[in-house]
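Raw contents of data_4.txt, compact mmCIF, C-alpha atoms:
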```txt
# COMPACT_ATOMS: atom_id res chain seq x y z
CA MET K 1 20.58 1.27 40.54
CA ASP K 2 18.59 -1.71 39.21
CA LEU K 3 20.12 -3.02 35.96
CA ALA K 4 16.69 -4.28 34.86
CA LEU K 5 15.36 -0.72 34.98
CA LEU K 6 18.30 0.52 32.95
CA ARG K 7 17.84 -2.25 30.40
CA THR K 8 14.18 -1.28 29.99
CA PHE K 9 15.14 2.38 29.74
CA VAL K 10 17.69 1.76 26.97
CA THR K 11 15.21 -0.39 25.04
CA VAL K 12 12.57 2.36 25.21
CA HIS K 13 15.15 4.94 24.19
CA ARG K 14 16.09 2.91 21.11
CA ALA K 15 12.54 1.85 20.22
CA GLY K 16 10.95 5.28 20.68
CA SER K 17 7.84 3.67 22.13
CA PHE K 18 6.76 1.95 25.35
CA THR K 19 4.63 -0.46 23.33
CA ARG K 20 7.43 -1.51 20.98
CA ALA K 21 9.89 -1.81 23.85
CA ALA K 22 7.44 -4.03 25.72
CA ALA K 23 7.26 -6.39 22.72
CA LEU K 24 11.06 -6.55 22.49
CA LEU K 25 11.45 -7.21 26.22
CA GLY K 26 8.61 -9.70 26.49
CA LEU K 27 6.85 -7.49 29.06
CA SER K 28 3.45 -5.84 29.18
CA GLN K 29 3.20 -2.19 28.26
CA PRO K 30 2.06 -1.23 31.79
CA ALA K 31 5.10 -3.05 33.22
CA VAL K 32 7.45 -1.01 31.00
CA THR K 33 5.66 2.21 31.94
CA SER K 34 5.94 1.32 35.63
CA GLN K 35 9.67 0.58 35.34
CA ILE K 36 10.38 3.88 33.59
CA ARG K 37 8.42 5.78 36.23
CA ALA K 38 10.38 4.00 38.95
CA LEU K 39 13.67 4.99 37.32
CA GLU K 40 12.50 8.58 36.92
CA ARG K 41 11.58 8.69 40.62
CA GLN K 42 15.04 7.40 41.55
CA LEU K 43 16.72 10.05 39.41
CA GLY K 44 14.29 12.83 40.24
CA ARG K 45 14.11 13.81 36.57
CA PRO K 46 11.81 12.95 33.63
CA LEU K 47 13.54 10.77 31.04
CA PHE K 48 10.96 10.91 28.26
CA LEU K 49 8.35 13.25 26.87
CA ARG K 50 5.17 11.25 26.27
CA TYR K 51 3.20 11.70 23.04
CA ALA K 52 0.23 9.86 21.52
CA ARG K 53 2.45 8.02 19.00
CA GLY K 54 5.53 7.37 21.11
CA VAL K 55 8.09 9.02 23.34
CA THR K 56 11.01 11.39 22.86
CA PRO K 57 13.95 11.40 25.31
CA THR K 58 14.61 14.49 27.36
CA THR K 59 18.12 15.93 27.48
CA ILE K 60 18.71 13.97 30.69
CA GLY K 61 17.33 10.84 29.04
CA ASP K 62 19.67 11.17 26.07
CA GLU K 63 22.65 11.75 28.34
CA LEU K 64 21.84 8.71 30.45
CA ALA K 65 21.35 6.49 27.38
CA HIS K 66 24.72 7.46 25.93
CA LYS K 67 26.41 6.69 29.24
CA VAL K 68 24.83 3.35 30.11
CA ALA K 69 23.98 1.72 26.75
CA PRO K 70 27.54 0.62 25.83
CA HIS K 71 28.00 -1.00 29.25
CA LEU K 72 24.65 -2.81 29.10
CA ASP K 73 25.47 -4.05 25.59
CA ALA K 74 28.80 -5.38 26.85
CA LEU K 75 27.12 -7.17 29.75
CA THR K 76 24.59 -8.71 27.34
CA ALA K 77 27.40 -9.95 25.12
CA ILE K 78 29.14 -11.58 28.10
CA THR K 79 26.02 -13.28 29.41
CA GLU K 80 24.97 -14.56 25.97
CA THR K 81 28.34 -15.77 24.75
CA GLY K 82 30.36 -16.57 27.86
CA LEU K 83 34.06 -15.78 27.94
CA ASP K 84 34.98 -17.34 24.60
CA ARG K 85 34.91 -14.19 22.47
CA ASP K 86 36.36 -15.89 19.38
CA SER K 87 33.74 -18.60 19.11
CA VAL K 88 31.47 -18.58 16.05
CA ALA K 89 29.73 -21.81 17.06
CA ARG K 90 26.35 -20.10 17.19
CA THR K 91 23.30 -19.87 14.93
CA LEU K 92 23.06 -16.73 12.79
CA HIS K 93 19.54 -15.74 11.77
CA LEU K 94 20.04 -13.94 8.45
CA ALA K 95 17.26 -12.18 6.56
CA GLY K 96 17.09 -10.40 3.23
CA PRO K 97 16.00 -10.60 -0.41
CA PRO K 98 16.15 -14.26 -1.52
CA GLU K 99 18.13 -13.51 -4.68
CA PHE K 100 20.78 -11.46 -2.90
CA LEU K 101 21.20 -13.98 -0.12
CA ALA K 102 21.42 -16.86 -2.60
CA GLU K 103 23.82 -15.21 -5.02
CA ARG K 104 26.00 -13.18 -2.69
CA ALA K 105 25.52 -13.28 1.08
CA LEU K 106 25.32 -17.05 1.65
CA PRO K 107 28.29 -17.95 -0.57
CA ALA K 108 30.32 -15.24 1.18
CA LEU K 109 29.51 -16.70 4.61
CA THR K 110 30.34 -20.30 3.67
CA PRO K 111 33.85 -20.17 5.23
CA LEU K 112 32.26 -19.38 8.61
CA VAL K 113 30.06 -22.47 8.32
CA ALA K 114 33.25 -24.53 8.12
CA GLN K 115 34.26 -22.91 11.44
CA GLY K 116 31.05 -24.00 13.18
CA LEU K 117 28.58 -21.23 12.41
CA SER K 118 25.01 -22.34 11.65
CA ILE K 119 22.84 -20.13 9.44
CA ARG K 120 19.07 -19.86 9.20
CA THR K 121 17.52 -17.59 6.57
CA ALA K 122 14.28 -15.65 6.24
CA PHE K 123 12.86 -13.75 3.26
CA GLY K 124 10.28 -11.00 2.94
CA SER K 125 9.73 -7.34 2.15
CA ALA K 126 12.08 -4.71 3.57
CA ASP K 127 9.45 -3.55 6.09
CA GLU K 128 8.71 -7.10 7.22
CA LEU K 129 12.36 -7.96 7.67
CA LEU K 130 13.23 -4.78 9.57
CA THR K 131 10.24 -5.32 11.85
CA GLY K 132 11.42 -8.88 12.44
CA LEU K 133 14.95 -7.66 13.14
CA ALA K 134 13.69 -5.13 15.69
CA ALA K 135 11.60 -7.83 17.35
CA GLY K 136 14.61 -10.14 17.68
CA HIS K 137 13.55 -12.70 15.06
CA HIS K 138 16.67 -12.01 12.95
CA ASP K 139 20.26 -11.16 13.86
CA LEU K 140 21.39 -9.60 10.60
CA THR K 141 19.25 -8.19 7.79
CA VAL K 142 20.25 -7.17 4.28
CA THR K 143 17.89 -4.41 3.17
CA THR K 144 17.54 -1.66 0.58
CA THR K 145 15.75 0.53 3.13
CA ARG K 146 17.87 2.39 5.68
CA PRO K 147 16.15 1.98 9.08
CA ARG K 148 15.40 5.06 11.14
CA GLY K 149 15.73 5.62 14.87
CA GLY K 150 18.22 4.25 17.36
CA LEU K 151 16.85 0.73 17.70
CA LEU K 152 18.58 -0.53 14.54
CA THR K 153 22.01 0.29 13.14
CA ALA K 154 22.68 0.11 9.39
CA THR K 155 25.98 0.05 7.49
CA PRO K 156 26.14 0.55 3.69
CA LEU K 157 27.08 -2.80 2.16
CA CYS K 158 27.26 -2.27 -1.60
CA ASP K 159 25.61 -0.53 -4.55
CA GLU K 160 23.92 -2.44 -7.35
CA GLU K 161 23.53 -1.13 -10.89
CA HIS K 162 20.16 -1.68 -12.54
CA VAL K 163 20.09 -2.76 -16.17
CA LEU K 164 17.21 -2.65 -18.67
CA ILE K 165 17.24 -6.00 -20.47
CA ALA K 166 15.27 -8.06 -22.99
CA ALA K 167 15.77 -11.14 -25.14
CA PRO K 168 17.83 -10.68 -28.35
CA ARG K 169 14.74 -10.79 -30.61
CA TRP K 170 13.25 -7.78 -28.83
CA ALA K 171 16.58 -5.97 -28.95
CA ALA K 172 16.80 -6.61 -32.71
CA ARG K 173 13.34 -5.14 -33.18
CA LEU K 174 14.10 -2.03 -31.14
CA GLY K 175 17.59 -1.30 -32.44
CA ASP K 176 20.86 -0.60 -30.65
CA PRO K 177 21.01 1.30 -27.32
CA ALA K 178 21.72 4.60 -29.10
CA THR K 179 18.55 4.20 -31.19
CA VAL K 180 16.49 3.34 -28.13
CA GLN K 181 17.96 6.30 -26.26
CA ALA K 182 17.07 8.64 -29.14
CA GLY K 183 13.54 7.26 -29.29
CA GLY K 184 13.01 7.73 -25.58
CA LEU K 185 10.41 5.94 -23.55
CA HIS K 186 8.02 5.51 -26.51
CA ALA K 187 10.62 3.37 -28.28
CA LEU K 188 9.93 0.70 -25.65
CA ASP K 189 6.13 0.70 -26.09
CA PRO K 190 6.01 -2.52 -28.18
CA VAL K 191 7.69 -4.60 -25.48
CA PRO K 192 5.67 -6.16 -22.59
CA LEU K 193 6.86 -5.50 -19.05
CA VAL K 194 8.03 -8.05 -16.48
CA ASP K 195 8.52 -7.17 -12.79
CA VAL K 196 8.25 -8.57 -9.26
CA HIS K 197 5.13 -6.70 -8.13
CA GLU K 198 2.09 -4.98 -9.58
CA SER K 199 3.54 -1.63 -8.49
CA LEU K 200 6.49 -2.25 -10.88
CA PRO K 201 9.09 -1.19 -8.29
CA LEU K 202 12.18 -1.81 -10.43
CA ILE K 203 10.77 -0.53 -13.73
CA ALA K 204 9.18 2.52 -12.08
CA ARG K 205 12.46 3.50 -10.45
CA TYR K 206 14.37 3.07 -13.72
CA TRP K 207 11.74 5.03 -15.68
CA SER K 208 11.87 7.86 -13.13
CA THR K 209 15.68 8.05 -13.14
CA VAL K 210 16.33 7.65 -16.87
CA PHE K 211 13.17 9.00 -18.51
CA ASP K 212 11.73 11.23 -15.75
CA ALA K 213 8.41 9.45 -16.28
CA GLU K 214 6.19 6.74 -14.85
CA PRO K 215 5.19 3.44 -16.48
CA ALA K 216 1.98 3.94 -18.43
CA VAL K 217 0.94 0.27 -18.63
CA SER K 218 0.76 -2.68 -16.27
CA ALA K 219 3.08 -5.66 -16.45
CA ALA K 220 2.42 -8.65 -18.68
CA VAL K 221 4.16 -10.93 -16.15
CA ILE K 222 4.55 -10.56 -12.39
CA ALA K 223 7.05 -12.98 -10.82
CA ALA K 224 7.84 -12.48 -7.14
CA ASP K 225 11.47 -13.65 -7.47
CA LEU K 226 14.02 -11.75 -9.55
CA ARG K 227 15.48 -15.02 -10.79
CA ALA K 228 12.07 -15.92 -12.19
CA VAL K 229 11.91 -12.49 -13.84
CA LEU K 230 15.24 -13.22 -15.54
CA THR K 231 13.99 -16.60 -16.72
CA CYS K 232 10.87 -14.99 -18.23
CA VAL K 233 12.90 -12.30 -19.98
CA THR K 234 15.36 -14.87 -21.35
CA ALA K 235 12.41 -16.81 -22.75
CA GLY K 236 11.19 -13.68 -24.55
CA ALA K 237 8.30 -12.58 -22.30
CA GLY K 238 9.32 -8.93 -22.42
CA LEU K 239 11.70 -6.42 -20.87
CA ALA K 240 12.70 -6.04 -17.24
CA VAL K 241 15.00 -4.08 -14.98
CA LEU K 242 17.37 -6.26 -12.97
CA PRO K 243 20.51 -5.76 -10.86
CA ARG K 244 23.59 -6.34 -12.97
CA TYR K 245 25.02 -8.97 -10.61
CA LEU K 246 21.97 -11.14 -11.25
CA CYS K 247 21.95 -10.90 -15.04
CA ALA K 248 25.70 -10.50 -15.75
CA ASP K 249 26.09 -14.13 -16.80
CA ALA K 250 23.05 -13.99 -19.10
CA LEU K 251 24.38 -10.76 -20.63
CA GLY K 252 27.78 -12.36 -21.15
CA ARG K 253 26.23 -15.38 -22.89
CA GLY K 254 23.99 -13.22 -25.06
CA ALA K 255 20.85 -14.76 -23.57
CA VAL K 256 19.64 -11.22 -22.84
CA VAL K 257 20.71 -7.83 -24.17
CA ALA K 258 21.00 -4.44 -22.46
CA LEU K 259 18.56 -2.13 -24.23
CA LEU K 260 20.07 1.09 -22.90
CA ASP K 261 23.42 2.36 -21.74
CA PRO K 262 22.56 5.53 -19.77
CA PRO K 263 25.42 7.88 -18.82
CA VAL K 264 24.47 7.54 -15.16
CA PRO K 265 22.91 4.12 -14.56
CA PRO K 266 20.36 3.82 -11.74
CA LEU K 267 21.88 2.47 -8.52
CA ARG K 268 20.38 1.01 -5.37
CA THR K 269 22.23 0.70 -2.07
CA TYR K 270 22.09 -2.38 0.13
CA PHE K 271 22.48 -1.92 3.88
CA LEU K 272 23.51 -4.41 6.54
CA ALA K 273 21.25 -3.83 9.55
CA VAL K 274 21.53 -5.12 13.13
CA ARG K 275 19.87 -4.30 16.42
CA THR K 276 21.97 -1.66 18.12
CA GLY K 277 24.37 -3.29 20.54
CA THR K 278 24.30 -6.82 19.09
CA LEU K 279 27.62 -6.42 17.28
CA GLY K 280 29.06 -7.22 20.70
CA LEU K 281 28.05 -10.84 20.03
CA PRO K 282 30.97 -12.58 18.30
CA HIS K 283 29.01 -14.66 15.78
CA ILE K 284 27.04 -11.61 14.57
CA ALA K 285 30.13 -9.39 14.51
CA ARG K 286 32.10 -11.98 12.54
CA ALA K 287 29.37 -12.43 9.93
CA HIS K 288 28.92 -8.65 9.70
CA GLU K 289 32.63 -8.12 9.17
CA TRP K 290 32.86 -10.99 6.66
CA LEU K 291 30.03 -9.60 4.52
CA LEU K 292 31.48 -6.09 4.51
CA ARG K 293 34.85 -7.49 3.48
CA SER K 294 33.31 -9.60 0.71
CA ALA K 295 31.24 -6.67 -0.58
CA VAL K 296 34.39 -4.85 -1.64
CA ASP K 297 34.46 -7.15 -4.69
CA TRP K 298 30.73 -6.85 -5.43
```

Encoded form (structure tokens):
Amino acid sequence: MDLALLRTFVTVHRAGSFTRAAALLGLSQPAVTSQIRALERQLGRPLFLRYARGVTPTTIGDELAHKVAPHLDALTAITETGLDRDSVARTLHLAGPPEFLAERALPALTPLVAQGLSIRTAFGSADELLTGLAAGHHDLTVTTTRPRGGLLTATPLCDEEHVLIAAPRWAARLGDPATVQAGGLHALDPVPLVDVHESLPLIARYWSTVFDAEPAVSAAVIAADLRAVLTCVTAGAGLAVLPRYLCADALGRGAVVALLDPPVPPLRTYFLAVRTGTLGLPHIARAHEWLLRSAVDW
């Protein structure tokens, strides 16, 4: 049986679409369709059910994918890396939120750089980065969105606690956390809001979890980098919700103050996502393992 046909089949199975598989393989959509039909003729069975928005594997298709995918992944690893399985002298294309990569992921991977690994980074929204990962532009993506389908594989990396913070002068005006808690959401009305986007993603999530409400006003400051948000809050621009790892030093120095201490603080999970099968490549597997090991202390 032609390995090229099997490779196309596995890509379609993971992508859930002839069109997406064609983009990943660098082929035209008609070429992918033709290869799948050829494989189905060889087997005498349909492998996919065709729908307007994609394909779903038949029982035979699922069974075939589970049998051949691990072997194709192993062959890919051998052809791309040669026989030196321990080598990390490759370039890792790492994507994720700029603050998380700068503060956590890149410092954690520094020992691998000393062993010959090169790293190139990319930033963007979760959807953009997962699309880029699926298309082969990235090797490893840190994301707060768990990808769906079989094309990408995600492993929980760590949880981050979100903290409601403001400069000391605002905290003095509002009172201690117990007073703010007793006053509820309206106790925060005098303080302007600072967030990373007009949709107030961090504040809205905190409001929903802690107050069971939505923000009633727009932000006074929108800064597209969480580190810039922290700088604005430290300068007194207003309140913000930030991950604790990013503002822990400022909290410790008293540059900002936690306005609330909820019994169950809002958490967000980071995932480490790869294209299914690429953990067979040593440089990706080593970086993946190193980040998971480092995250134990995060």

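The closest residue to Cys232 in chain K, picked from K:Ala166, K:Arg173, K:His186, K:Tyr270 and counting all atoms listed in the file, is K:Ala166.
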
Selection: 6 Å around range 214-223 of chain K, only C-alpha atoms, excl. self and same-chain fewer than 5 positions, as a ChimeraX atom specification: /K:192-197,204,207,228-229

Around (22.4, 8.0, 32.1) in the file's own coordinates, what residues are found within 10 Å if you use only C-alpha atoms, given back as a PyMOL selection string? chain K and resi 6+9-10+43+47+60-69

Identify which of the residues K:Leu75, K:Glu161, K:His138, K:Ala154 lies closest to Ala248 in chain K, counting all atoms listed in the file when measuring atom-to-atom distances. K:Glu161

I'd like to know which of K:Ala135, K:Val210, K:Ile284, K:Val191 is closest to Pro265 in chain K, using all atoms listed in the file.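 Closest candidate: K:Val210.
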
Range 27-37 of chain K surroundings by only C-alpha atoms, 7 Å radius, close-in-sequence under 4 positions cut, as a PyMOL selection string: chain K and resi 5+8-9+18-19+22-23+41

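For the pair CA of Gly149 in chain K and CA of His288 in chain K, the interatomic distance is 20.1 Å.
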
What would the list of residues within 10 Å of (26.1, -8.0, 1.9) (file frame) look like as a PyMOL selection string, if only C-alpha atoms are what count? chain K and resi 96+100-101+104-106+108-109+141-143+155-159+270-273+287-296+298
